[in-house]
Amino acid sequence: MTTGNSAQQAPQLGAVKWWLISVAALIAIMVLVGGATRLTESGLSIVEWKPVTGVLPPLDDNAWQAEFDKYKAIPQYRERNAGMSLADFKTIYWWEWTHRVLARLVGGVFLLPLLWFLWRGQVEPHLRARLLTIFFLGAALGAVGWWMVASGLSERVSVSQYRLAFHLTLACAIFAVMVWTAEGLASRPPIAAPARIRAGAMTVLVLVMLQIYLGALVAGLRAGLIYNTWPLIDGSLVPDGARLFFAAPLWRNFFENTLTVQLDHRMVAYALWLVALLHAADVARTLRGGAALTGALVLACAVTLQAALGIVTLLHQAPLALALMHQAMAIVVLTIAVVHAERLERRPEAARISERKGGNIMRGGEAAT
């Protein structure tokens with residue numbers, strides 16, 4: 001009976017897995033289009049949020065002119081794009097429109113199959129709760145996106161770097177949870193690894209997410225266009241503290257000081273690269289082969305490539321093609337880090353029992369003491 005149930009669940013879980021992978025791929029595309037929208041300064045071209053009717057773009061010359069007139073009323077047009085032609089406006093409009101339509105597409109491609117799987121009873125309770133959480137986080141992401149755009153419509157010529165970083169990091173977190181969940185449905189044997197190895201993989205994953213957040217702050221402040229030398233930044237390896245921490249209160253420097261934000265991005269990149277290499281060396285020394293070592297080596301190589309790409313992008317003052325490659329590689333690194341950490345986290349039952357026994361023995365010893 002158990003074998004029969006397993007045989008019936010296998011294709012069902014396979015369908016759920018590939019559905020999640022497909023949605024994750026759409027999210028990755030949406031993030032890249034969002035990056036292009038940011039780099040081309042197109043994000044404020046649509047000044048209204050119409051979740052339903054906004055799917056339709058302007059359909060005639062009068063409608064285009066009406067949208068253009070709305071854009072002319074915001075500071076970005078007056079201070080940066082005064083005199084822009086209607087043809088130029090259409091270019092930035094299409095970037096933002098594509099980004100918003102992709103967001104709606106992701107929501108539909110996630111929600112409709114989810115309802116189908118729930119109606120068919122193909123989702124277990126624990127998985128159901130996670131999938132519903134992902135859906136509500138996705139809905140929140142749409143609201144955060146408009147909250148971000150709204151920050152640049154009245155008193156600024158660009159969106160708030162705080163809101164931009166939160167928006168991108170939330171999108172990447174949803175992507176990571178989706179990939180983790182899909183990997184958890186794969187029928188592959190668990191990997192026996194010490195807790196130290198698993199902690200190392202999770203540390204790399206956390207650093208990748210932190211680096212994505214810091215990268216969004218750099219993009220939001222346009223800091224990549226200000227300091228374009230490496231390994232020196234503004235003439236030194238570590239700038240003087242008076243330039244790094246002149247704003248008050250102190251914490252504002254980490255989010256608003258372009259020099260401090262870019263230095264933080266560089267330093268976390270160095271830390272991420274070093275931790276990824278040390279983790280790969282630890283896996284090689286401890287496990288000496290297998291899927292864990294392959295994952296750790298691929299992850300270390302991907303982080304190295306991303307660091308090199310980041311340096312090249314910086315030295316060339318972040319042209320569109322290189323900047324998009326850098327952002328795409330960040331998604332690749334995040335994917336590899338998630339898959340690697342998930343495979344190590346799904347350890348054999350014997351190892352879990354052993355850890356629980358060890359914990360009980362330790363607690364017993366403490367009690368005796």
# chains A, B, ... in the order shown; residues from 1 in each chain; ligands from 1

$ select_by_dssp --residues "range 15-62 of chain A" --states "helix (DSSP H, G or I)" --output "PyMOL selection string"
chain A and resi 15-39+53-55+61-62

$ write_last_selection --atoms "N, CA and C atoms" --output "PDB file, in the first residue's frame"
ATOM      1  N   ALA A  15       4.967  17.311 -10.982  1.00  0.00           N
ATOM      2  CA  ALA A  15       4.247  18.416 -11.617  1.00  0.00           C
ATOM      3  C   ALA A  15       4.379  19.684 -10.782  1.00  0.00           C
ATOM      4  N   VAL A  16       4.264  19.555  -9.464  1.00  0.00           N
ATOM      5  CA  VAL A  16       4.397  20.715  -8.583  1.00  0.00           C
ATOM      6  C   VAL A  16       5.819  21.278  -8.670  1.00  0.00           C
ATOM      7  N   LYS A  17       6.803  20.383  -8.711  1.00  0.00           N
ATOM      8  CA  LYS A  17       8.196  20.825  -8.790  1.00  0.00           C
ATOM      9  C   LYS A  17       8.451  21.640 -10.052  1.00  0.00           C
ATOM     10  N   TRP A  18       8.030  21.126 -11.203  1.00  0.00           N
ATOM     11  CA  TRP A  18       8.302  21.826 -12.458  1.00  0.00           C
ATOM     12  C   TRP A  18       7.484  23.103 -12.585  1.00  0.00           C
ATOM     13  N   TRP A  19       6.324  23.125 -11.977  1.00  0.00           N
ATOM     14  CA  TRP A  19       5.549  24.366 -11.924  1.00  0.00           C
ATOM     15  C   TRP A  19       6.316  25.418 -11.137  1.00  0.00           C
ATOM     16  N   LEU A  20       6.869  25.054  -9.975  1.00  0.00           N
ATOM     17  CA  LEU A  20       7.629  26.003  -9.167  1.00  0.00           C
ATOM     18  C   LEU A  20       8.875  26.477  -9.896  1.00  0.00           C
ATOM     19  N   ILE A  21       9.553  25.577 -10.590  1.00  0.00           N
ATOM     20  CA  ILE A  21      10.746  25.963 -11.341  1.00  0.00           C
ATOM     21  C   ILE A  21      10.382  26.945 -12.453  1.00  0.00           C
ATOM     22  N   SER A  22       9.252  26.707 -13.117  1.00  0.00           N
ATOM     23  CA  SER A  22       8.809  27.604 -14.187  1.00  0.00           C
ATOM     24  C   SER A  22       8.511  28.999 -13.649  1.00  0.00           C
ATOM     25  N   VAL A  23       7.828  29.055 -12.505  1.00  0.00           N
ATOM     26  CA  VAL A  23       7.516  30.360 -11.917  1.00  0.00           C
ATOM     27  C   VAL A  23       8.798  31.058 -11.469  1.00  0.00           C
ATOM     28  N   ALA A  24       9.734  30.284 -10.899  1.00  0.00           N
ATOM     29  CA  ALA A  24      11.011  30.867 -10.481  1.00  0.00           C
ATOM     30  C   ALA A  24      11.753  31.448 -11.680  1.00  0.00           C
ATOM     31  N   ALA A  25      11.695  30.760 -12.819  1.00  0.00           N
ATOM     32  CA  ALA A  25      12.341  31.277 -14.028  1.00  0.00           C
ATOM     33  C   ALA A  25      11.703  32.592 -14.460  1.00  0.00           C
ATOM     34  N   LEU A  26      10.383  32.671 -14.364  1.00  0.00           N
ATOM     35  CA  LEU A  26       9.696  33.922 -14.702  1.00  0.00           C
ATOM     36  C   LEU A  26      10.098  35.051 -13.746  1.00  0.00           C
ATOM     37  N   ILE A  27      10.264  34.722 -12.471  1.00  0.00           N
ATOM     38  CA  ILE A  27      10.695  35.732 -11.505  1.00  0.00           C
ATOM     39  C   ILE A  27      12.090  36.231 -11.861  1.00  0.00           C
ATOM     40  N   ALA A  28      12.978  35.313 -12.260  1.00  0.00           N
ATOM     41  CA  ALA A  28      14.328  35.715 -12.652  1.00  0.00           C
ATOM     42  C   ALA A  28      14.279  36.679 -13.840  1.00  0.00           C
ATOM     43  N   ILE A  29      13.430  36.380 -14.825  1.00  0.00           N
ATOM     44  CA  ILE A  29      13.285  37.275 -15.976  1.00  0.00           C
ATOM     45  C   ILE A  29      12.726  38.623 -15.532  1.00  0.00           C
ATOM     46  N   MET A  30      11.746  38.583 -14.638  1.00  0.00           N
ATOM     47  CA  MET A  30      11.150  39.819 -14.133  1.00  0.00           C
ATOM     48  C   MET A  30      12.192  40.677 -13.418  1.00  0.00           C
ATOM     49  N   VAL A  31      13.064  40.051 -12.637  1.00  0.00           N
ATOM     50  CA  VAL A  31      14.111  40.783 -11.931  1.00  0.00           C
ATOM     51  C   VAL A  31      15.075  41.425 -12.923  1.00  0.00           C
ATOM     52  N   LEU A  32      15.420  40.701 -13.976  1.00  0.00           N
ATOM     53  CA  LEU A  32      16.334  41.253 -14.981  1.00  0.00           C
ATOM     54  C   LEU A  32      15.698  42.425 -15.723  1.00  0.00           C
ATOM     55  N   VAL A  33      14.425  42.288 -16.077  1.00  0.00           N
ATOM     56  CA  VAL A  33      13.738  43.404 -16.725  1.00  0.00           C
ATOM     57  C   VAL A  33      13.642  44.587 -15.765  1.00  0.00           C
ATOM     58  N   GLY A  34      13.414  44.297 -14.479  1.00  0.00           N
ATOM     59  CA  GLY A  34      13.413  45.362 -13.489  1.00  0.00           C
ATOM     60  C   GLY A  34      14.766  46.057 -13.409  1.00  0.00           C
ATOM     61  N   GLY A  35      15.846  45.270 -13.533  1.00  0.00           N
ATOM     62  CA  GLY A  35      17.177  45.869 -13.543  1.00  0.00           C
ATOM     63  C   GLY A  35      17.378  46.777 -14.739  1.00  0.00           C
ATOM     64  N   ALA A  36      16.920  46.328 -15.912  1.00  0.00           N
ATOM     65  CA  ALA A  36      17.022  47.164 -17.108  1.00  0.00           C
ATOM     66  C   ALA A  36      16.171  48.427 -16.959  1.00  0.00           C
ATOM     67  N   THR A  37      15.018  48.272 -16.334  1.00  0.00           N
ATOM     68  CA  THR A  37      14.151  49.427 -16.093  1.00  0.00           C
ATOM     69  C   THR A  37      14.857  50.451 -15.206  1.00  0.00           C
ATOM     70  N   ARG A  38      15.546  49.958 -14.198  1.00  0.00           N
ATOM     71  CA  ARG A  38      16.277  50.855 -13.310  1.00  0.00           C
ATOM     72  C   ARG A  38      17.439  51.520 -14.045  1.00  0.00           C
ATOM     73  N   LEU A  39      18.210  50.743 -14.795  1.00  0.00           N
ATOM     74  CA  LEU A  39      19.394  51.267 -15.462  1.00  0.00           C
ATOM     75  C   LEU A  39      19.060  52.272 -16.561  1.00  0.00           C
ATOM     76  N   THR A  53      -6.596  47.433 -15.257  1.00  0.00           N
ATOM     77  CA  THR A  53      -6.619  48.151 -16.536  1.00  0.00           C
ATOM     78  C   THR A  53      -5.222  48.549 -17.006  1.00  0.00           C
ATOM     79  N   GLY A  54      -4.256  48.540 -16.095  1.00  0.00           N
ATOM     80  CA  GLY A  54      -2.890  48.905 -16.467  1.00  0.00           C
ATOM     81  C   GLY A  54      -2.225  47.914 -17.394  1.00  0.00           C
ATOM     82  N   VAL A  55      -2.849  46.757 -17.602  1.00  0.00           N
ATOM     83  CA  VAL A  55      -2.280  45.769 -18.522  1.00  0.00           C
ATOM     84  C   VAL A  55      -2.292  46.307 -19.950  1.00  0.00           C
ATOM     85  N   ASP A  61      -2.614  57.777 -30.545  1.00  0.00           N
ATOM     86  CA  ASP A  61      -1.751  58.936 -30.304  1.00  0.00           C
ATOM     87  C   ASP A  61      -2.231  59.777 -29.134  1.00  0.00           C
ATOM     88  N   ASN A  62      -3.545  59.930 -29.012  1.00  0.00           N
ATOM     89  CA  ASN A  62      -4.080  60.725 -27.904  1.00  0.00           C
ATOM     90  C   ASN A  62      -3.760  60.087 -26.552  1.00  0.00           C
TER      91      ASN A  62
END

$ closest_residue --among "A:Ala219, A:Ala195, A:Leu185, A:Leu274" --to "Gln12 in chain A" --atoms "only C-alpha atoms"
A:Leu185

$ atom_distance --atom1 "CA of Asp282 in chain A" --atom2 "CA of Ala199 in chain A"
11.5 Å

$ closest_atom_pairs --of "range 288-356 of chain A" --to "range 230-236 of chain A" --cutoff "9 Å" --atoms "only C-alpha atoms" --output "tab-separated table"
residue	atom	partner	partner_atom	distance
A:Ile311	CA	A:Trp230	CA	7.1
A:Leu314	CA	A:Trp230	CA	8.1
A:Leu315	CA	A:Trp230	CA	7.2

$ closest_residue --among "A:Phe68, A:Tyr213, A:Trp49, A:Tyr77" --to "Phe254 in chain A" --atoms "only C-alpha atoms"
A:Tyr213

$ atom_distance --atom1 "CA of Glu124 in chain A" --atom2 "CA of Leu13 in chain A"
9.9 Å

$ closest_residue --among "A:Met178, A:Val204, A:Val109, A:Val218" --to "Tyr162 in chain A" --atoms "only C-alpha atoms"
A:Val218

$ residues_around --residues "range 165-175 of chain A" --least-positions-apart "5" --cutoff "8 Å" --atoms "only C-alpha atoms" --output "list of chain:residue names"
A:Ala24, A:Ile27, A:Ala28, A:Val31, A:Ile134, A:Leu137, A:Gly138, A:Leu141, A:Val144, A:Gly145, A:Met148, A:Met209, A:Ile212, A:Tyr213, A:Leu214, A:Gly215, A:Ala216, A:Leu217, A:Gly220, A:Ile331

$ atom_distance --atom1 "CA of Glu256 in chain A" --atom2 "CA of Leu237 in chain A"
20.2 Å
